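data-v9.csv, holding CSV, C-alpha atoms:
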chain,number,residue,atom,x,y,z
A,1,MET,CA,0.0,0.0,0.0
A,2,ASN,CA,1.5,3.3,-1.1
A,3,THR,CA,0.8,6.4,0.8
A,4,ASP,CA,1.5,9.9,-0.5
A,5,GLU,CA,3.5,11.9,1.9
A,6,THR,CA,3.6,15.6,1.5
A,7,THR,CA,6.6,17.4,2.7
A,8,MET,CA,6.5,21.1,3.5
A,9,VAL,CA,9.6,23.0,2.7
A,10,VAL,CA,10.1,25.9,5.2
A,11,ALA,CA,12.2,28.7,3.8
A,12,LYS,CA,15.0,29.5,6.2
A,13,PRO,CA,15.4,33.2,7.0
A,14,LYS,CA,18.3,34.8,5.4
A,15,PRO,CA,21.1,35.4,7.8
A,16,VAL,CA,21.9,39.0,8.7
A,17,LYS,CA,24.9,40.1,6.9
A,18,LYS,CA,27.6,41.2,9.4
A,19,LEU,CA,29.8,44.1,8.7
A,20,LYS,CA,33.4,43.3,8.1
A,21,PRO,CA,36.2,45.6,9.3
A,22,ALA,CA,36.3,48.8,7.2
A,23,ARG,CA,39.0,48.9,4.6
A,24,LYS,CA,41.5,51.7,4.1
A,25,GLN,CA,40.2,53.8,1.2
A,26,VAL,CA,43.6,55.3,0.3
A,27,LYS,CA,47.2,54.8,1.2
A,28,ALA,CA,49.5,57.4,2.5
A,29,GLY,CA,50.7,59.5,-0.5
A,30,ASP,CA,47.9,58.4,-2.9
A,31,VAL,CA,46.0,61.6,-2.7
A,32,GLU,CA,47.9,64.5,-4.1
A,33,ARG,CA,47.2,67.7,-2.3
A,34,LYS,CA,46.8,70.7,-4.6
A,35,GLU,CA,46.8,74.2,-3.4
A,36,THR,CA,44.0,76.6,-4.5
A,37,PRO,CA,45.2,78.9,-7.3
A,38,GLN,CA,45.8,82.3,-6.0
A,39,THR,CA,43.3,84.8,-7.5
A,40,GLY,CA,43.6,87.6,-4.8
A,41,LYS,CA,45.9,89.0,-2.1
A,42,GLU,CA,44.2,87.5,1.0
A,43,TYR,CA,42.9,84.0,1.6
A,44,ASN,CA,39.5,83.7,3.3
A,45,ILE,CA,39.5,80.6,5.5
A,46,TRP,CA,35.7,81.0,6.1
A,47,TYR,CA,34.8,80.8,2.4
A,48,ASN,CA,37.8,78.8,1.4
A,49,LYS,CA,38.9,81.1,-1.4
A,50,TRP,CA,41.0,84.1,-2.2
A,51,ALA,CA,39.5,87.4,-1.3
A,52,GLY,CA,38.8,89.6,-4.3
A,53,GLY,CA,38.4,86.7,-6.8
A,54,ASP,CA,35.2,86.5,-8.9
A,55,ARG,CA,32.6,83.9,-7.8
A,56,GLU,CA,32.4,82.1,-11.1
A,57,ASP,CA,36.2,82.1,-11.3
A,58,ASN,CA,36.3,80.5,-7.9
A,59,TYR,CA,34.2,77.6,-9.1
A,60,SER,CA,36.0,77.2,-12.4
A,61,ASN,CA,39.3,76.9,-10.5
A,62,LYS,CA,38.0,73.9,-8.6
A,63,VAL,CA,39.4,70.6,-9.8
A,64,LYS,CA,37.6,67.2,-9.8
A,65,SER,CA,37.9,65.2,-6.6
A,66,GLN,CA,40.5,62.4,-6.8
A,67,THR,CA,38.5,60.0,-4.7
A,68,ARG,CA,34.9,59.0,-4.2
A,69,CYS,CA,33.2,56.9,-1.6
A,70,ASN,CA,31.8,53.5,-2.5
A,71,ILE,CA,29.3,52.4,0.1
A,72,LYS,CA,29.4,48.7,-0.8
A,73,LYS,CA,33.2,48.4,-0.7
A,74,ASP,CA,34.1,51.0,2.0
A,75,SER,CA,31.5,50.4,4.7
A,76,GLY,CA,32.6,48.4,7.7
A,77,LEU,CA,33.3,48.3,11.4
A,78,THR,CA,35.6,50.8,13.1
A,79,ARG,CA,36.6,51.7,16.6
A,80,ALA,CA,33.5,53.9,16.8
A,81,ASN,CA,31.3,50.7,16.9
A,82,THR,CA,32.9,49.8,20.2
A,83,THR,CA,33.4,53.2,21.7
A,84,GLY,CA,29.8,54.3,21.0
A,85,ILE,CA,30.6,57.4,18.9
A,86,ARG,CA,27.6,58.0,16.5
A,87,TYR,CA,29.2,60.5,14.1
A,88,CYS,CA,30.4,59.6,10.6
A,89,CYS,CA,33.9,60.1,9.3
A,90,LEU,CA,34.1,63.1,7.0
A,91,PHE,CA,37.0,61.7,5.0
A,92,TYR,CA,35.1,58.4,4.6
A,93,ALA,CA,32.3,60.4,2.9
A,94,ARG,CA,34.9,62.0,0.6
A,95,GLY,CA,36.4,58.6,-0.1
A,96,CYS,CA,39.9,59.4,1.3
A,97,CYS,CA,40.1,57.9,4.8
A,98,PRO,CA,43.5,56.2,5.3
A,99,TYR,CA,42.7,54.6,8.7
A,100,GLY,CA,40.0,52.1,7.8
A,101,TRP,CA,39.0,50.0,10.8
A,102,GLU,CA,41.3,52.1,13.0
A,103,CYS,CA,39.2,55.2,12.5
A,104,ASP,CA,37.5,56.8,15.5
A,105,TYR,CA,34.4,57.6,13.5
A,106,LEU,CA,31.8,55.5,11.8
A,107,HIS,CA,32.3,54.2,8.2
A,108,THR,CA,28.6,53.7,7.4
A,109,LEU,CA,25.7,55.9,6.3
A,110,PRO,CA,24.0,57.8,9.1
A,111,ASP,CA,20.9,56.2,10.4
A,112,PRO,CA,17.9,58.5,9.8
A,113,ASP,CA,16.1,57.0,12.8
A,114,ASP,CA,19.0,57.5,15.2
A,115,ALA,CA,19.0,60.9,16.9
A,116,LEU,CA,22.4,62.5,17.4
A,117,PRO,CA,23.3,63.5,20.9
A,118,ASP,CA,23.8,67.2,19.9
A,119,SER,CA,21.3,68.8,17.5
A,120,SER,CA,23.7,71.7,16.9
A,121,LYS,CA,26.1,69.5,15.1
A,122,ASP,CA,25.9,67.7,11.8
A,123,CYS,CA,26.4,64.0,11.2
A,124,PHE,CA,30.2,64.6,11.0
A,125,ALA,CA,30.3,66.3,14.5
A,126,ARG,CA,30.9,69.7,13.0
A,127,ASP,CA,29.3,72.7,14.7
A,128,LYS,CA,26.4,74.4,12.8
A,129,PHE,CA,25.9,78.1,12.8
A,130,SER,CA,23.0,80.4,13.3
A,131,ASP,CA,22.8,81.4,9.7
A,132,TYR,CA,24.0,80.1,6.3
A,133,ARG,CA,26.9,81.5,4.4
A,134,ASP,CA,26.3,83.9,1.6
A,135,ASP,CA,27.2,81.2,-1.0
A,136,MET,CA,25.0,78.6,0.9
A,137,GLY,CA,28.1,76.4,1.5
A,138,GLY,CA,29.7,75.1,4.6
A,139,VAL,CA,28.1,73.1,7.5
A,140,GLY,CA,24.7,74.8,7.5
A,141,SER,CA,22.4,76.4,10.1
A,142,PHE,CA,20.8,74.9,13.2
A,143,ASN,CA,17.7,77.2,12.9
A,144,ARG,CA,16.3,75.3,10.0
A,145,GLN,CA,16.1,71.6,9.1
A,146,ASN,CA,17.4,71.6,5.5
A,147,ARG,CA,17.0,68.4,3.5
A,148,THR,CA,17.4,69.9,0.0
A,149,LEU,CA,20.6,70.2,-2.0
A,150,TYR,CA,21.3,72.6,-4.9
A,151,VAL,CA,23.3,70.8,-7.6
A,152,GLY,CA,24.7,73.1,-10.2
A,153,ARG,CA,27.0,72.9,-13.3
A,154,ILE,CA,25.3,69.8,-14.7
A,155,LYS,CA,26.1,69.0,-18.3
A,156,GLU,CA,22.8,68.1,-19.9
A,157,THR,CA,23.0,65.8,-22.9
A,158,GLY,CA,19.3,64.9,-23.2
A,159,PRO,CA,15.8,65.9,-22.2
A,160,GLY,CA,14.7,66.6,-18.6
A,161,PRO,CA,13.6,63.1,-17.6
A,162,GLU,CA,17.0,61.7,-18.8
A,163,THR,CA,18.9,64.2,-16.7
A,164,GLU,CA,16.6,63.4,-13.7
A,165,ASP,CA,17.4,59.7,-14.0
A,166,ILE,CA,21.1,60.4,-14.1
A,167,VAL,CA,20.9,62.6,-11.0
A,168,THR,CA,18.8,60.0,-9.2
A,169,ARG,CA,21.2,57.2,-10.0
A,170,HIS,CA,24.2,59.1,-8.5
A,171,PHE,CA,22.5,60.6,-5.4
A,172,LYS,CA,20.3,57.7,-4.3
A,173,GLU,CA,23.4,56.0,-3.0
A,174,TRP,CA,23.6,58.3,0.0
A,175,GLY,CA,20.1,58.0,1.3
A,176,GLU,CA,16.4,57.7,0.5
A,177,ILE,CA,15.3,60.5,-1.9
A,178,GLU,CA,11.9,62.2,-1.5
A,179,ARG,CA,11.8,64.1,-4.7
A,180,ILE,CA,14.1,65.6,-7.5
A,181,ARG,CA,13.4,68.7,-9.5
A,182,VAL,CA,15.5,69.4,-12.6
A,183,LEU,CA,15.6,72.9,-14.2
A,184,GLN,CA,16.1,72.0,-17.8
A,185,TYR,CA,18.5,74.2,-19.9
A,186,ARG,CA,19.8,75.8,-16.6
A,187,SER,CA,22.1,72.9,-15.6
A,188,VAL,CA,20.5,72.9,-12.1
A,189,ALA,CA,18.8,70.2,-10.0
A,190,PHE,CA,17.3,70.2,-6.5
A,191,VAL,CA,17.6,66.9,-4.6
A,192,THR,CA,15.4,66.5,-1.4
A,193,TYR,CA,16.2,63.7,0.9
A,194,VAL,CA,13.8,62.1,3.4
A,195,SER,CA,16.3,62.6,6.2
A,196,GLU,CA,18.5,65.6,6.9
A,197,PHE,CA,21.4,63.3,7.6
A,198,GLY,CA,21.2,62.0,4.1
A,199,ALA,CA,21.5,65.5,2.7
A,200,GLN,CA,24.5,66.3,4.9
A,201,PHE,CA,26.3,63.1,3.8
A,202,ALA,CA,25.5,63.6,0.1
A,203,LYS,CA,26.7,67.2,0.2
A,204,GLU,CA,30.2,66.1,1.2
A,205,ALA,CA,30.2,62.9,-0.9
A,206,MET,CA,29.2,64.6,-4.2
A,207,ALA,CA,31.3,67.8,-3.8
A,208,CYS,CA,33.5,68.4,-6.8
A,209,GLN,CA,32.3,65.0,-8.2
A,210,SER,CA,31.0,64.3,-11.7
A,211,LEU,CA,28.0,62.5,-13.0
A,212,ASP,CA,28.3,60.9,-16.5
A,213,ASN,CA,29.8,63.8,-18.5
A,214,ASP,CA,33.0,64.6,-16.6
A,215,GLU,CA,31.7,67.8,-15.2
A,216,ILE,CA,32.6,69.3,-11.7
A,217,LEU,CA,29.4,69.6,-9.6
A,218,ASN,CA,28.7,72.6,-7.4
A,219,VAL,CA,26.8,71.1,-4.5
A,220,ARG,CA,25.5,73.4,-1.7
A,221,TRP,CA,22.5,74.0,0.5
A,222,ALA,CA,19.3,75.1,-1.2
A,223,THR,CA,17.4,78.1,0.0
A,224,GLU,CA,13.9,77.8,1.4
A,225,ASP,CA,11.3,76.6,-1.1
A,226,PRO,CA,8.9,79.6,-1.9
A,227,ASN,CA,6.1,77.2,-2.9
A,228,PRO,CA,3.3,77.7,-0.4
A,229,VAL,CA,2.2,74.0,-0.8
A,230,GLN,CA,5.6,72.8,0.2
A,231,LYS,CA,5.8,75.2,3.1
A,232,VAL,CA,2.5,73.8,4.5
A,233,ALA,CA,3.7,70.2,3.9
A,234,GLU,CA,7.0,70.9,5.7
A,235,LYS,CA,5.3,72.5,8.6
A,236,ARG,CA,2.9,69.5,9.0
A,237,ARG,CA,5.8,67.1,8.8
A,238,LEU,CA,7.7,68.9,11.5
A,239,GLU,CA,4.6,69.0,13.7
A,240,GLU,CA,4.2,65.2,13.3
A,241,ILE,CA,7.8,64.6,14.1
A,242,GLY,CA,7.4,66.7,17.3
A,243,GLN,CA,4.3,64.9,18.3
A,244,GLU,CA,6.0,61.5,17.8
A,245,ALA,CA,9.0,62.6,19.8
A,246,ILE,CA,6.8,63.8,22.7
A,247,LYS,CA,4.7,60.7,22.6
A,248,ALA,CA,7.9,58.5,22.7
A,249,ARG,CA,9.1,60.2,25.8
A,250,MET,CA,5.7,60.2,27.7
A,251,ASP,CA,4.6,57.4,30.0
A,252,PRO,CA,2.0,55.3,28.1
A,253,ARG,CA,0.0,54.9,31.3
A,254,ILE,CA,-0.4,58.7,31.5
A,255,VAL,CA,-1.5,58.8,27.9
A,256,ASP,CA,-4.1,56.1,28.5
A,257,ALA,CA,-5.4,57.9,31.6
A,258,MET,CA,-5.7,61.2,29.8
A,259,ARG,CA,-7.5,59.5,26.9
A,260,ALA,CA,-9.9,57.8,29.3
A,261,VAL,CA,-10.7,61.1,31.1
A,262,ARG,CA,-11.4,62.8,27.7
A,263,ALA,CA,-13.6,59.9,26.6
A,264,LEU,CA,-15.5,60.1,29.9
A,265,GLU,CA,-16.1,63.9,29.5
A,266,ASP,CA,-17.3,63.4,25.9
A,267,GLY,CA,-19.4,60.3,26.8
A,268,ASP,CA,-17.5,58.0,24.5
A,269,ILE,CA,-16.6,54.3,25.0
A,270,LEU,CA,-13.1,53.2,24.4
A,271,ASP,CA,-12.3,49.8,22.8
A,272,ASP,CA,-9.6,47.4,23.9
A,273,GLU,CA,-6.9,49.4,22.0
A,274,GLY,CA,-7.9,52.7,23.6
A,275,GLU,CA,-9.6,54.1,20.6
A,276,VAL,CA,-13.0,55.6,20.5
A,277,GLU,CA,-15.7,53.3,19.2
A,278,ASP,CA,-17.6,54.5,16.2
A,279,GLN,CA,-21.3,55.2,16.6
A,280,GLU,CA,-23.3,52.2,15.2
A,281,TYR,CA,-27.1,51.9,14.8
A,282,GLY,CA,-29.0,48.6,14.8
A,283,GLU,CA,-31.0,47.2,12.0
A,284,THR,CA,-34.2,47.8,13.9
A,285,ASP,CA,-36.1,51.1,14.1
A,286,ASP,CA,-34.7,51.8,17.6
A,287,PRO,CA,-32.8,55.1,17.1
A,288,GLU,CA,-30.8,54.5,20.3
A,289,PRO,CA,-27.1,53.9,19.5
A,290,LYS,CA,-25.5,50.7,20.6
A,291,ARG,CA,-22.6,52.4,22.4
A,292,ARG,CA,-23.4,53.7,25.9
A,293,ARG,CA,-23.5,57.4,26.5
A,294,ILE,CA,-23.5,59.3,29.7
A,295,GLU,CA,-27.1,59.5,30.9
A,296,LEU,CA,-28.2,63.1,31.2
A,297,PRO,CA,-31.1,64.1,33.4
A,298,PRO,CA,-34.5,64.2,31.6
A,299,PRO,CA,-35.7,67.5,30.3
A,300,HIS,CA,-38.7,67.7,32.8
A,301,GLU,CA,-36.3,67.4,35.8
A,302,ALA,CA,-34.3,70.3,34.7
A,303,THR,CA,-35.1,73.7,36.0
A,304,SER,CA,-37.5,75.7,33.8
A,305,GLU,CA,-35.6,78.9,34.4
A,306,PRO,CA,-33.6,79.8,31.3
A,307,PRO,CA,-29.9,80.3,31.7
A,308,PRO,CA,-29.0,83.9,32.4
A,309,GLN,CA,-27.8,85.8,29.4
A,310,PRO,CA,-24.8,88.2,29.6
A,311,LEU,CA,-25.8,91.8,29.9
A,312,GLY,CA,-23.4,94.5,28.7
A,313,LEU,CA,-19.8,94.1,29.9
A,314,LEU,CA,-20.7,91.7,32.7
A,315,SER,CA,-20.9,88.0,32.1
A,316,ALA,CA,-23.6,85.7,33.3
A,317,ASP,CA,-21.5,84.4,36.2
A,318,THR,CA,-20.7,87.9,37.3
A,319,MET,CA,-24.4,88.9,37.3
A,320,GLU,CA,-25.3,85.8,39.4
A,321,GLY,CA,-22.6,86.7,41.9
A,322,LEU,CA,-23.9,90.2,42.2
A,323,LYS,CA,-27.4,89.0,42.8
A,324,TYR,CA,-26.2,86.6,45.4
A,325,PHE,CA,-24.4,89.3,47.4
A,326,ALA,CA,-27.4,91.7,47.0
A,327,GLU,CA,-29.7,89.1,48.5
A,328,ILE,CA,-27.3,88.6,51.4
A,329,ARG,CA,-27.1,92.3,52.0
A,330,LYS,CA,-30.8,92.7,51.9
A,331,ARG,CA,-31.4,90.0,54.5
A,332,ASN,CA,-28.8,91.4,56.8
A,333,GLY,CA,-30.4,94.9,56.5
A,334,VAL,CA,-33.9,93.5,57.5
A,335,LEU,CA,-32.4,91.8,60.6
A,336,LEU,CA,-30.6,95.0,61.6
A,337,ALA,CA,-33.8,97.0,61.3
A,338,VAL,CA,-35.8,94.6,63.5
A,339,ALA,CA,-33.1,94.5,66.1
A,340,SER,CA,-32.8,98.4,66.3
A,341,SER,CA,-36.6,98.8,66.9
A,342,LYS,CA,-36.5,96.6,70.0
A,343,THR,CA,-33.5,98.3,71.7
A,344,ILE,CA,-33.7,101.4,73.9
A,345,PRO,CA,-32.2,104.5,72.4
A,346,PRO,CA,-28.9,105.3,74.1
A,347,LYS,CA,-28.4,108.5,76.1
A,348,PRO,CA,-26.8,111.3,74.3
A,349,LEU,CA,-23.1,111.5,74.7
A,350,ILE,CA,-21.6,114.6,76.5
A,351,SER,CA,-18.8,116.0,74.5
A,352,GLY,CA,-16.4,118.9,75.2
A,353,LEU,CA,-15.9,120.5,78.7
A,354,GLY,CA,-19.5,120.7,79.8
A,355,VAL,CA,-20.0,124.4,79.1
A,356,ALA,CA,-23.5,123.8,77.7
A,357,ASP,CA,-24.7,122.7,81.2
A,358,TYR,CA,-24.3,126.3,82.7
A,359,GLY,CA,-27.1,128.8,82.2
A,360,SER,CA,-26.6,132.1,80.4
A,361,ASP,CA,-27.4,135.7,81.6
A,362,GLU,CA,-30.6,135.8,79.6
A,363,ASP,CA,-32.1,133.0,81.8
A,364,ASP,CA,-32.3,135.4,84.7

Rewritten as structure tokens:
Amino acid sequence: MNTDETTMVVAKPKPVKKLKPARKQVKAGDVERKETPQTGKEYNIWYNKWAGGDREDNYSNKVKSQTRCNIKKDSGLTRANTTGIRYCCLFYARGCCPYGWECDYLHTLPDPDDALPDSSKDCFARDKFSDYRDDMGGVGSFNRQNRTLYVGRIKETGPGPETEDIVTRHFKEWGEIERIRVLQYRSVAFVTYVSEFGAQFAKEAMACQSLDNDEILNVRWATEDPNPVQKVAEKRRLEEIGQEAIKARMDPRIVDAMRAVRALEDGDILDDEGEVEDQEYGETDDPEPKRRRIELPPPHEATSEPPPQPLGLLSADTMEGLKYFAEIRKRNGVLLAVASSKTIPPKPLISGLGVADYGSDEDD
């Protein structure tokens, strides 16, 4: 007798890929340091250029970066994974860190869900400033959460969608992209990341890099979007982030207690998950809802006196208080009048030196 046996094949979960020790991106002496060509008499360390030089000349004097980060090859474990430092290596983002696993900073992309210990610093532990530089370069500002990069000097060789695909392919390596806008025939694109950390990393990783046409990109921070729709969406997003942060730090028992008190005031019923039950009506003609409401007193038991209406500048509560005190004063006045009628009038008081008691000459 043959029996058919069915065997179920259970798919094994894929093992989590462990990071290997980070490799050294360059060796000592591989990167050739080139001085900035002198175009003025004084060098401005804040703007990283010679004072007096033209702005466009400053960008044209920039040379293409000799190194570029490769996330798949260069990511790995460093000393920061054991010491607890949560900042990324700036030279790793630029593709020229010579220390590898001996580096004191992380050699991975910044985690968008991991909050940094100091919000006044970027993901590379550099201090932010209260305002942006005039050329929108540098570290950035701590007064505004900027997730958009300005990418200039793009060589366009096709229509707008083709340029957008090229920009997406090169910039999606550094983080999740929310949207990309290409200004055709102007060699400009705006790249908005989901996380600010992704924009910070991409700004350093793509500085002086090229896309597909051997250009030298000009990557800097974008100014605030003047589109009112985007302003409203950004404001709503920041409010949601703030609410989630507050909710994460609050005790869930306090939240449940506040929700229960509010439901009790509104006469609602909470389900097992703490949410308000929807109002449902039965299939019969009974108009009463299935959920229980707080029972209010019937109309005939309520006082027939209409609620007092505010008169002039005084509210209804103020008028009720004045009436109450007037009634008390009236009652006290009646009691005092009754008491004074029963008492004997007091003798007149003698004041002065008693001169009025002596008779005058006319009495004789």

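Atom pair atom CA of A:Arg220 / atom CA of A:Gly137: separated by 5.1 Å.
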
Closest of A:Met206, A:Ile45, A:Cys88, A:Cys103 to A:Arg126 - atom-to-atom distances counting only C-alpha atoms:
A:Cys88

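Shortest atom-to-atom contact with A:Thr78 among A:Lys27, A:Lys128, A:Lys41, A:Lys20: A:Lys20, counting all atoms listed in the file.
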
For A:Gln184, find every residue with an atom within 10 Å (counting only C-alpha atoms), except residues of its own chain fewer than 5 positions away, and show them as a PDB file with C-alpha atoms, in the coordinates of the input.
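Below is the file that was written, selection39.pdb:
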ATOM      1  CA  ILE A 154      25.300  69.800 -14.700  1.00  0.00           C
ATOM      2  CA  GLU A 156      22.800  68.100 -19.900  1.00  0.00           C
ATOM      3  CA  GLY A 158      19.300  64.900 -23.200  1.00  0.00           C
ATOM      4  CA  PRO A 159      15.800  65.900 -22.200  1.00  0.00           C
ATOM      5  CA  GLY A 160      14.700  66.600 -18.600  1.00  0.00           C
ATOM      6  CA  PRO A 161      13.600  63.100 -17.600  1.00  0.00           C
ATOM      7  CA  THR A 163      18.900  64.200 -16.700  1.00  0.00           C
ATOM      8  CA  GLU A 164      16.600  63.400 -13.700  1.00  0.00           C
ATOM      9  CA  ALA A 189      18.800  70.200 -10.000  1.00  0.00           C
TER      10      ALA A 189
END

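Every protein or nucleic acid residue with an atom no more than 9 Å from A:Arg68, counting only C-alpha atoms and leaving out same-chain residues fewer than 4 positions away, appears here: Tyr92, Ala93, Arg94, Gly95, Cys96, Ala205, Met206 and Gln209 of chain A.
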
Hey, can you spit out that residue selection with C-alpha atoms as a PDB file, keeping the file's coordinate frame?
ATOM      1  CA  TYR A  92      35.100  58.400   4.600  1.00  0.00           C
ATOM      2  CA  ALA A  93      32.300  60.400   2.900  1.00  0.00           C
ATOM      3  CA  ARG A  94      34.900  62.000   0.600  1.00  0.00           C
ATOM      4  CA  GLY A  95      36.400  58.600  -0.100  1.00  0.00           C
ATOM      5  CA  CYS A  96      39.900  59.400   1.300  1.00  0.00           C
ATOM      6  CA  ALA A 205      30.200  62.900  -0.900  1.00  0.00           C
ATOM      7  CA  MET A 206      29.200  64.600  -4.200  1.00  0.00           C
ATOM      8  CA  GLN A 209      32.300  65.000  -8.200  1.00  0.00           C
TER       9      GLN A 209
END
